[in-house]
Structure formats: structure tokens, C-alpha cells
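*Asks:* Before anything else, here's the structure in question.
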Amino acid sequence: MTPLNLLVREYVAPVMKAAGFKRSGRTFRLIAGNGDQAVLGFARHDVDPHAAVFDVSYGIVPAPYWQWIKRHSADGDTRAPIAFGPSVLSGRVIPPPRAAHAPDAEMPFRARWALRGDNGPVCGEALATVLHDETVPEIVHLLDRSNLLQECRHPALPVVRLVPLTRVEILLRVDQAPVEEIESLLGDVQLVSRGDDFITWTRRRMSTRNGSAPEA
């Protein structure tokens, strides 16, 4: 077993399991009751022959956003979101200096963790502490759509929004908000290409929500 996999098994998995995350290798997933997901994963970087250097990041993937992303997939092809894949918002798990690969570097390099020699316990304990005290509460907070929308509107956490705000507003409210409010937001959507069918997809979803047949 590699040092990184050992660290994940011994220090990360217990913290994430206690918080309700499901594990698959070096990926951890928390699914809310409405189908929204948080996916946390590890990315290894071969930049130091004397250390196992890696990032730990998570993404928030609301169910409507994932359904939009997968709208052209074949029937039944609804594979779960992956770590470091499409998400509405992402966050990094930042190491304390004692576990950082380059503690004096600027971001994004400051976010890299490093396993060196016999520092496994030091790195593992530091990572477990940051996950327990900071990252997991942050993820749980953001899996509430009202909190996620507030964060996207008025950023307060060290996270990055990856989808234009108007689209986020629509995706997070499309299943509950009055049609008139969503239509007003659609008027502000900036299409990114001639094939961008976000507006059509949104209207079709709303018509289905209201119990009528989808528009052609």
C-alpha cells in the first residue's frame, strides 16, 4: 500500500465515515436528502522525488446542476459526479505549515500536502484535524441550498464559484421558485455558444415540475 493510500485509510476514512461520507478509494461522497452531493478527493502530483505531494479538494454538485451536465447522456447513464469534476463551487483543504509541501509558496502551491520520510503521523493527524474542524462543517453547511446560494451571492468562505451566478440562482431555485421569478432570471442568462440550450432545458424542467407535458 502506498504511503498516501495508507494515510487515507488510517487518518481520513475514520473522520469522513463518522460524518456520513461514503468512500470509494481516495474519493469521499456525501449525499443530501434532495440528491445534492459533495465530493472530496485527492490528487497526486509527481513534483518531488523525496515526497508524496497531493491536493485535497471538494466540489458541491447540486442535483439540478448534475442533471443539466448529463442532459445529453444516454438513458440510464447517470454516473455519479467525480472528484475534481464539474461542480458549482469548489474548496481546497489547506495544510498547516508542518504538513505543507511549500509552506511559503503562493496559492495554489500553498495548498499542496506532502508526505516525507517518517512524517506520516504528523501529516495524517494534521489532515484529520483540518477535515474534522473545518472542511466537513463547511461542506455540510454548503449542502444546504440556501446556504450555498448565499455563499455564491456574498462570498465569505475560501471557496471558488465555478458557474455564473445567474445560472446558479436558477439551478438552485428551479424546482421551487415561482415560474415568473425563474423567467425573470432567464432574461439575464448569457449563452456561451450557439448550442447552449440552458434556457430551453430550464423551461422544460419547470413545465415538468408543474405536471404538464414538456415543451418541444
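Numbering starts fresh at 1 for the residues of each chain in the C-alpha cells, the chains themselves are lettered A, B, ... in the order given, and ligands are numbered from 1 as they appear.
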Please, which residues in region 138-194 of chain A fall within 12 Å of region 52-69 of chain A when counting only C-alpha atoms, and what is the closest atom pair and distance in Å to one decimal for each, ordered by chain then residue number, as a Markdown table?
*Replies:*
| residue | atom | partner | partner_atom | distance |
| --- | --- | --- | --- | --- |
| A:Glu138 | CA | A:Tyr58 | CA | 10.4 |
| A:Ile139 | CA | A:Ile60 | CA | 7.8 |
| A:Val140 | CA | A:Ile60 | CA | 10.0 |
| A:His141 | CA | A:Ile60 | CA | 10.7 |
| A:Leu142 | CA | A:Ile60 | CA | 7.4 |
| A:Leu143 | CA | A:Ile60 | CA | 7.1 |
| A:Asp144 | CA | A:Pro62 | CA | 9.6 |
| A:Arg145 | CA | A:Pro62 | CA | 8.0 |
| A:Ser146 | CA | A:Pro62 | CA | 11.6 |
| A:Asn147 | CA | A:Ile60 | CA | 11.8 |
| A:Leu148 | CA | A:Ile60 | CA | 8.7 |
| A:Leu149 | CA | A:Pro62 | CA | 10.9 |
| A:Glu151 | CA | A:Ile60 | CA | 11.9 |
| A:Cys152 | CA | A:Ile60 | CA | 11.6 |
| A:Pro158 | CA | A:Ser57 | CA | 11.7 |
| A:Val159 | CA | A:Gly59 | CA | 9.5 |
| A:Val160 | CA | A:Gly59 | CA | 9.5 |
| A:Arg161 | CA | A:Ile60 | CA | 9.7 |
| A:Leu162 | CA | A:Gly59 | CA | 9.7 |
| A:Val163 | CA | A:Tyr65 | CA | 9.7 |
| A:Arg167 | CA | A:Tyr65 | CA | 9.2 |
| A:Val168 | CA | A:Tyr65 | CA | 8.3 |
| A:Glu169 | CA | A:Tyr65 | CA | 10.9 |
| A:Ile170 | CA | A:Pro64 | CA | 9.4 |
| A:Leu171 | CA | A:Pro64 | CA | 5.8 |
| A:Leu172 | CA | A:Pro64 | CA | 7.2 |
| A:Arg173 | CA | A:Pro64 | CA | 9.3 |
| A:Val174 | CA | A:Pro64 | CA | 8.1 |
| A:Asp175 | CA | A:Pro64 | CA | 8.4 |
| A:Gln176 | CA | A:Pro64 | CA | 11.7 |
*Asks:* Can those selected residues be exported to a file as an mmCIF file, in the first residue's frame so that it contains C-alpha atoms?
*Replies:*
data_model
loop_
_atom_site.group_PDB
_atom_site.id
_atom_site.type_symbol
_atom_site.label_atom_id
_atom_site.label_comp_id
_atom_site.auth_asym_id
_atom_site.auth_seq_id
_atom_site.Cartn_x
_atom_site.Cartn_y
_atom_site.Cartn_z
ATOM 1 C CA GLU A 138 -18.008 23.723 5.643
ATOM 2 C CA ILE A 139 -19.286 21.006 3.298
ATOM 3 C CA VAL A 140 -22.336 20.260 5.434
ATOM 4 C CA HIS A 141 -23.123 23.983 5.527
ATOM 5 C CA LEU A 142 -22.865 24.295 1.746
ATOM 6 C CA LEU A 143 -25.035 21.249 1.041
ATOM 7 C CA ASP A 144 -27.974 23.342 2.232
ATOM 8 C CA ARG A 145 -29.113 25.101 -0.957
ATOM 9 C CA SER A 146 -29.990 28.327 0.841
ATOM 10 C CA ASN A 147 -26.501 28.460 2.343
ATOM 11 C CA LEU A 148 -24.904 27.612 -0.996
ATOM 12 C CA LEU A 149 -26.855 30.354 -2.738
ATOM 13 C CA GLU A 151 -22.230 31.917 -0.397
ATOM 14 C CA CYS A 152 -22.401 32.317 -4.167
ATOM 15 C CA PRO A 158 -12.229 30.349 0.903
ATOM 16 C CA VAL A 159 -14.030 28.662 -1.995
ATOM 17 C CA VAL A 160 -14.378 29.286 -5.727
ATOM 18 C CA ARG A 161 -17.658 29.554 -7.629
ATOM 19 C CA LEU A 162 -17.332 27.797 -10.998
ATOM 20 C CA VAL A 163 -20.707 28.621 -12.570
ATOM 21 C CA ARG A 167 -27.209 30.126 -13.602
ATOM 22 C CA VAL A 168 -26.540 29.129 -10.014
ATOM 23 C CA GLU A 169 -29.609 31.110 -8.897
ATOM 24 C CA ILE A 170 -31.739 29.307 -11.474
ATOM 25 C CA LEU A 171 -30.365 25.832 -10.789
ATOM 26 C CA LEU A 172 -30.826 26.124 -7.041
ATOM 27 C CA ARG A 173 -34.345 27.542 -7.286
ATOM 28 C CA VAL A 174 -35.769 25.965 -10.436
ATOM 29 C CA ASP A 175 -37.688 23.245 -8.584
ATOM 30 C CA GLN A 176 -39.427 25.532 -6.061
#
*Asks:* Report as JSON, numbers by chain all protein, DNA and RNA residues lying within 10 Å of region 178-191 of chain A, evaluated on only C-alpha atoms, omitting residues in the same chain fewer than 5 positions from it.
*Replies:* {"A": [164, 165, 166, 167, 169, 170, 171, 173, 196, 197, 198, 199, 200, 202, 203, 206, 207, 210]}
*Asks:* Hey, can you spit out that residue selection with all heavy atoms as a compact mmCIF listing (two decimals), in the first residue's frame?
*Replies:*
# COMPACT_ATOMS: atom_id res chain seq x y z
N PRO A 164 -21.57 30.72 -13.54
CA PRO A 164 -22.08 32.09 -13.44
C PRO A 164 -23.22 32.20 -12.43
O PRO A 164 -24.07 31.31 -12.32
CB PRO A 164 -22.55 32.39 -14.86
CG PRO A 164 -21.70 31.53 -15.72
CD PRO A 164 -21.50 30.26 -14.94
N LEU A 165 -23.24 33.31 -11.69
CA LEU A 165 -24.18 33.45 -10.59
C LEU A 165 -25.63 33.31 -11.03
O LEU A 165 -26.44 32.67 -10.34
CB LEU A 165 -23.97 34.81 -9.90
CG LEU A 165 -24.89 35.11 -8.72
CD1 LEU A 165 -24.78 34.03 -7.65
CD2 LEU A 165 -24.57 36.49 -8.14
N THR A 166 -26.00 33.89 -12.17
CA THR A 166 -27.39 33.79 -12.61
C THR A 166 -27.79 32.33 -12.83
O THR A 166 -28.89 31.91 -12.44
CB THR A 166 -27.61 34.59 -13.91
OG1 THR A 166 -27.30 35.96 -13.67
CG2 THR A 166 -29.05 34.48 -14.37
N ARG A 167 -26.90 31.55 -13.40
CA ARG A 167 -27.21 30.13 -13.60
C ARG A 167 -27.31 29.39 -12.27
O ARG A 167 -28.15 28.50 -12.11
CB ARG A 167 -26.16 29.47 -14.51
CG ARG A 167 -26.16 30.04 -15.91
CD ARG A 167 -25.43 29.15 -16.88
NE ARG A 167 -25.35 29.76 -18.20
CZ ARG A 167 -25.40 29.10 -19.34
NH1 ARG A 167 -25.50 27.78 -19.34
NH2 ARG A 167 -25.31 29.73 -20.50
N GLU A 169 -28.30 30.71 -9.45
CA GLU A 169 -29.61 31.11 -8.90
C GLU A 169 -30.72 30.25 -9.49
O GLU A 169 -31.61 29.76 -8.78
CB GLU A 169 -29.86 32.58 -9.22
CG GLU A 169 -28.95 33.56 -8.50
CD GLU A 169 -29.66 34.30 -7.38
OE1 GLU A 169 -30.82 33.95 -7.09
OE2 GLU A 169 -29.03 35.19 -6.80
N ILE A 170 -30.69 30.08 -10.80
CA ILE A 170 -31.74 29.31 -11.47
C ILE A 170 -31.68 27.84 -11.06
O ILE A 170 -32.70 27.24 -10.71
CB ILE A 170 -31.60 29.46 -13.00
CG1 ILE A 170 -31.92 30.90 -13.41
CG2 ILE A 170 -32.50 28.47 -13.73
CD1 ILE A 170 -31.55 31.24 -14.84
N LEU A 171 -30.50 27.26 -11.09
CA LEU A 171 -30.37 25.83 -10.79
C LEU A 171 -30.78 25.51 -9.36
O LEU A 171 -31.38 24.45 -9.10
CB LEU A 171 -28.92 25.40 -11.03
CG LEU A 171 -28.49 25.33 -12.49
CD1 LEU A 171 -26.98 25.26 -12.60
CD2 LEU A 171 -29.13 24.15 -13.20
N ARG A 173 -32.96 27.15 -7.59
CA ARG A 173 -34.35 27.54 -7.29
C ARG A 173 -35.36 27.00 -8.28
O ARG A 173 -36.56 27.16 -8.10
CB ARG A 173 -34.44 29.07 -7.25
CG ARG A 173 -33.50 29.71 -6.23
CD ARG A 173 -33.64 31.24 -6.23
NE ARG A 173 -34.98 31.62 -5.87
CZ ARG A 173 -35.62 32.70 -6.35
NH1 ARG A 173 -35.01 33.47 -7.23
NH2 ARG A 173 -36.84 32.99 -5.96
N ASP A 196 -25.87 26.33 -26.78
CA ASP A 196 -26.19 26.40 -25.35
C ASP A 196 -27.70 26.39 -25.17
O ASP A 196 -28.38 27.36 -25.49
CB ASP A 196 -25.58 27.68 -24.76
CG ASP A 196 -25.74 27.76 -23.25
OD1 ASP A 196 -26.48 26.94 -22.67
OD2 ASP A 196 -25.11 28.66 -22.64
N ASP A 197 -28.22 25.28 -24.66
CA ASP A 197 -29.67 25.13 -24.53
C ASP A 197 -30.14 25.26 -23.08
O ASP A 197 -31.16 24.69 -22.70
CB ASP A 197 -30.12 23.79 -25.12
CG ASP A 197 -29.46 22.59 -24.43
OD1 ASP A 197 -28.47 22.78 -23.70
OD2 ASP A 197 -29.94 21.45 -24.64
N PHE A 198 -29.40 26.02 -22.27
CA PHE A 198 -29.74 26.15 -20.85
C PHE A 198 -31.15 26.71 -20.65
O PHE A 198 -31.91 26.22 -19.81
CB PHE A 198 -28.72 27.03 -20.13
CG PHE A 198 -28.97 27.17 -18.66
CD1 PHE A 198 -28.60 26.16 -17.78
CD2 PHE A 198 -29.58 28.30 -18.15
CE1 PHE A 198 -28.85 26.27 -16.42
CE2 PHE A 198 -29.82 28.43 -16.79
CZ PHE A 198 -29.45 27.41 -15.92
N ILE A 199 -31.53 27.71 -21.42
CA ILE A 199 -32.85 28.32 -21.24
C ILE A 199 -33.94 27.32 -21.60
O ILE A 199 -34.92 27.15 -20.86
CB ILE A 199 -32.95 29.60 -22.09
CG1 ILE A 199 -31.99 30.67 -21.54
CG2 ILE A 199 -34.39 30.11 -22.11
CD1 ILE A 199 -31.91 31.92 -22.38
N THR A 200 -33.77 26.64 -22.72
CA THR A 200 -34.76 25.63 -23.13
C THR A 200 -34.86 24.52 -22.09
O THR A 200 -35.96 24.08 -21.73
CB THR A 200 -34.37 25.03 -24.49
OG1 THR A 200 -34.32 26.08 -25.46
CG2 THR A 200 -35.36 23.97 -24.94
N THR A 202 -34.19 24.66 -18.91
CA THR A 202 -34.82 25.16 -17.69
C THR A 202 -36.33 25.23 -17.84
O THR A 202 -37.08 24.82 -16.95
CB THR A 202 -34.26 26.55 -17.33
OG1 THR A 202 -32.85 26.46 -17.12
CG2 THR A 202 -34.92 27.09 -16.08
N ARG A 203 -36.78 25.73 -18.96
CA ARG A 203 -38.24 25.84 -19.18
C ARG A 203 -38.87 24.46 -19.26
O ARG A 203 -39.99 24.24 -18.76
CB ARG A 203 -38.52 26.64 -20.45
CG ARG A 203 -38.25 28.13 -20.27
CD ARG A 203 -38.39 28.89 -21.55
NE ARG A 203 -38.29 30.34 -21.30
CZ ARG A 203 -37.91 31.23 -22.20
NH1 ARG A 203 -37.58 30.83 -23.44
NH2 ARG A 203 -37.85 32.50 -21.90
N MET A 206 -39.21 23.18 -15.71
CA MET A 206 -40.31 23.83 -15.00
C MET A 206 -41.65 23.29 -15.44
O MET A 206 -42.56 23.10 -14.62
CB MET A 206 -40.24 25.36 -15.19
CG MET A 206 -39.14 26.02 -14.40
SD MET A 206 -39.31 27.83 -14.35
CE MET A 206 -39.14 28.26 -16.08
N SER A 207 -41.83 23.08 -16.75
CA SER A 207 -43.10 22.57 -17.23
C SER A 207 -43.35 21.16 -16.70
O SER A 207 -44.50 20.80 -16.39
CB SER A 207 -43.14 22.58 -18.76
OG SER A 207 -42.23 21.65 -19.31
N ASN A 210 -44.44 21.36 -13.07
CA ASN A 210 -45.83 21.79 -12.89
C ASN A 210 -46.84 20.75 -13.32
O ASN A 210 -48.04 20.99 -13.29
CB ASN A 210 -46.09 23.08 -13.66
CG ASN A 210 -45.29 24.24 -13.08
OD1 ASN A 210 -44.95 24.23 -11.91
ND2 ASN A 210 -45.02 25.24 -13.90
*Asks:* In terms of the shortest atom-to-atom distance over only C-alpha atoms, which of A:Ile94, A:Ala156, A:Ala177, A:Cys123 is closest to Val8 (chain A)?
*Replies:*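 Nearest to Val8 (chain A): A:Cys123.
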*Asks:* Given the choices A:Ala19, A:Thr2, A:Trp201, A:Pro86, which gets closest to Asp133 (chain A) if the distance is worked out from only C-alpha atoms?
*Replies:* A:Ala19
*Asks:* Which is closest to Val93 (chain A) among A:His132, A:Arg9, A:Arg26, A:His50, if we use only C-alpha atoms?
*Replies:*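 Closest to Val93 (chain A), using only C-alpha atoms: A:His132.
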*Asks:* List as CSV every residue of region 125-166 of chain A that is in contact with region 102-116 of chain A, defined as an atom at most 12 Å from one of its atoms (using only C-alpha atoms), together with the nearest atom pair and the distance in Å rounded to one decimal, sorted by chain and then rising number.
*Replies:*
residue,atom,partner,partner_atom,distance
A:Glu125,CA,A:Leu115,CA,11.9
A:Ala126,CA,A:Trp113,CA,10.0
A:Leu127,CA,A:Trp113,CA,8.8
A:Pro158,CA,A:Met107,CA,11.6
*Asks:* Write down as a list in words the residues belonging to region 72-143 of chain A that are assigned alpha helix (DSSP H) by DSSP computed on the backbone.
*Replies:*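 For region 72-143 of chain A, the alpha helix (DSSP H) set is Gly120, Pro121, Val122, Cys123, Gly124, Glu125, Ala126, Leu127, Ala128, Thr129, Val130, Val136, Pro137, Glu138, Ile139, Val140, His141 and Leu142 of chain A.
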*Asks:* Residues of the last selection are to be written out with N, CA, C and O atoms, as an mmCIF file, in the first residue's frame.
*Replies:*
data_model
loop_
_atom_site.group_PDB
_atom_site.id
_atom_site.type_symbol
_atom_site.label_atom_id
_atom_site.label_comp_id
_atom_site.auth_asym_id
_atom_site.auth_seq_id
_atom_site.Cartn_x
_atom_site.Cartn_y
_atom_site.Cartn_z
ATOM 1 N N GLY A 120 4.517 10.671 8.326
ATOM 2 C CA GLY A 120 3.156 10.194 8.110
ATOM 3 C C GLY A 120 2.206 10.539 9.229
ATOM 4 O O GLY A 120 1.121 11.092 8.990
ATOM 5 N N PRO A 121 2.553 10.250 10.495
ATOM 6 C CA PRO A 121 1.644 10.590 11.592
ATOM 7 C C PRO A 121 1.384 12.083 11.710
ATOM 8 O O PRO A 121 0.247 12.499 11.962
ATOM 9 N N VAL A 122 2.420 12.883 11.520
ATOM 10 C CA VAL A 122 2.250 14.334 11.612
ATOM 11 C C VAL A 122 1.302 14.830 10.517
ATOM 12 O O VAL A 122 0.361 15.596 10.771
ATOM 13 N N CYS A 123 1.528 14.386 9.290
ATOM 14 C CA CYS A 123 0.695 14.789 8.168
ATOM 15 C C CYS A 123 -0.729 14.257 8.318
ATOM 16 O O CYS A 123 -1.711 14.978 8.107
ATOM 17 N N GLY A 124 -0.833 12.983 8.690
ATOM 18 C CA GLY A 124 -2.146 12.376 8.838
ATOM 19 C C GLY A 124 -2.977 13.022 9.927
ATOM 20 O O GLY A 124 -4.173 13.299 9.747
ATOM 21 N N GLU A 125 -2.362 13.294 11.062
ATOM 22 C CA GLU A 125 -3.096 13.924 12.165
ATOM 23 C C GLU A 125 -3.505 15.350 11.804
ATOM 24 O O GLU A 125 -4.603 15.799 12.153
ATOM 25 N N ALA A 126 -2.614 16.055 11.099
ATOM 26 C CA ALA A 126 -2.955 17.415 10.681
ATOM 27 C C ALA A 126 -4.130 17.400 9.711
ATOM 28 O O ALA A 126 -5.062 18.216 9.822
ATOM 29 N N LEU A 127 -4.109 16.477 8.761
ATOM 30 C CA LEU A 127 -5.192 16.392 7.789
ATOM 31 C C LEU A 127 -6.500 16.009 8.462
ATOM 32 O O LEU A 127 -7.561 16.596 8.186
ATOM 33 N N ALA A 128 -6.460 15.048 9.360
ATOM 34 C CA ALA A 128 -7.672 14.636 10.066
ATOM 35 C C ALA A 128 -8.262 15.803 10.851
ATOM 36 O O ALA A 128 -9.492 15.988 10.897
ATOM 37 N N THR A 129 -7.400 16.591 11.464
ATOM 38 C CA THR A 129 -7.878 17.729 12.257
ATOM 39 C C THR A 129 -8.531 18.789 11.380
ATOM 40 O O THR A 129 -9.614 19.303 11.706
ATOM 41 N N VAL A 130 -7.882 19.122 10.254
ATOM 42 C CA VAL A 130 -8.457 20.130 9.365
ATOM 43 C C VAL A 130 -9.790 19.644 8.793
ATOM 44 O O VAL A 130 -10.761 20.405 8.719
ATOM 45 N N VAL A 136 -15.265 19.438 6.864
ATOM 46 C CA VAL A 136 -16.557 18.746 6.943
ATOM 47 C C VAL A 136 -17.672 19.709 7.357
ATOM 48 O O VAL A 136 -18.743 19.733 6.713
ATOM 49 N N PRO A 137 -17.501 20.543 8.388
ATOM 50 C CA PRO A 137 -18.569 21.512 8.693
ATOM 51 C C PRO A 137 -18.863 22.458 7.538
ATOM 52 O O PRO A 137 -20.024 22.828 7.300
ATOM 53 N N GLU A 138 -17.825 22.855 6.804
ATOM 54 C CA GLU A 138 -18.008 23.723 5.643
ATOM 55 C C GLU A 138 -18.848 23.022 4.580
ATOM 56 O O GLU A 138 -19.780 23.613 4.009
ATOM 57 N N ILE A 139 -18.537 21.771 4.305
ATOM 58 C CA ILE A 139 -19.286 21.006 3.298
ATOM 59 C C ILE A 139 -20.733 20.838 3.712
ATOM 60 O O ILE A 139 -21.656 21.046 2.903
ATOM 61 N N VAL A 140 -20.965 20.450 4.954
ATOM 62 C CA VAL A 140 -22.336 20.260 5.434
ATOM 63 C C VAL A 140 -23.126 21.566 5.312
ATOM 64 O O VAL A 140 -24.293 21.576 4.906
ATOM 65 N N HIS A 141 -22.482 22.667 5.650
ATOM 66 C CA HIS A 141 -23.123 23.983 5.527
ATOM 67 C C HIS A 141 -23.515 24.260 4.077
ATOM 68 O O HIS A 141 -24.635 24.718 3.799
ATOM 69 N N LEU A 142 -22.631 23.969 3.150
ATOM 70 C CA LEU A 142 -22.865 24.295 1.746
ATOM 71 C C LEU A 142 -23.825 23.333 1.055
ATOM 72 O O LEU A 142 -24.361 23.658 -0.011
#
*Asks:* Write out as a list in words all residues of region 70-132 of chain A that backbone DSSP assigns to strand (DSSP E or B).
*Replies:*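 Matching residues for strand (DSSP E or B) in region 70-132 of chain A are Leu89, Ser90, Gly91, Arg92, Ala100, Trp113, Ala114 and Leu115 of chain A.
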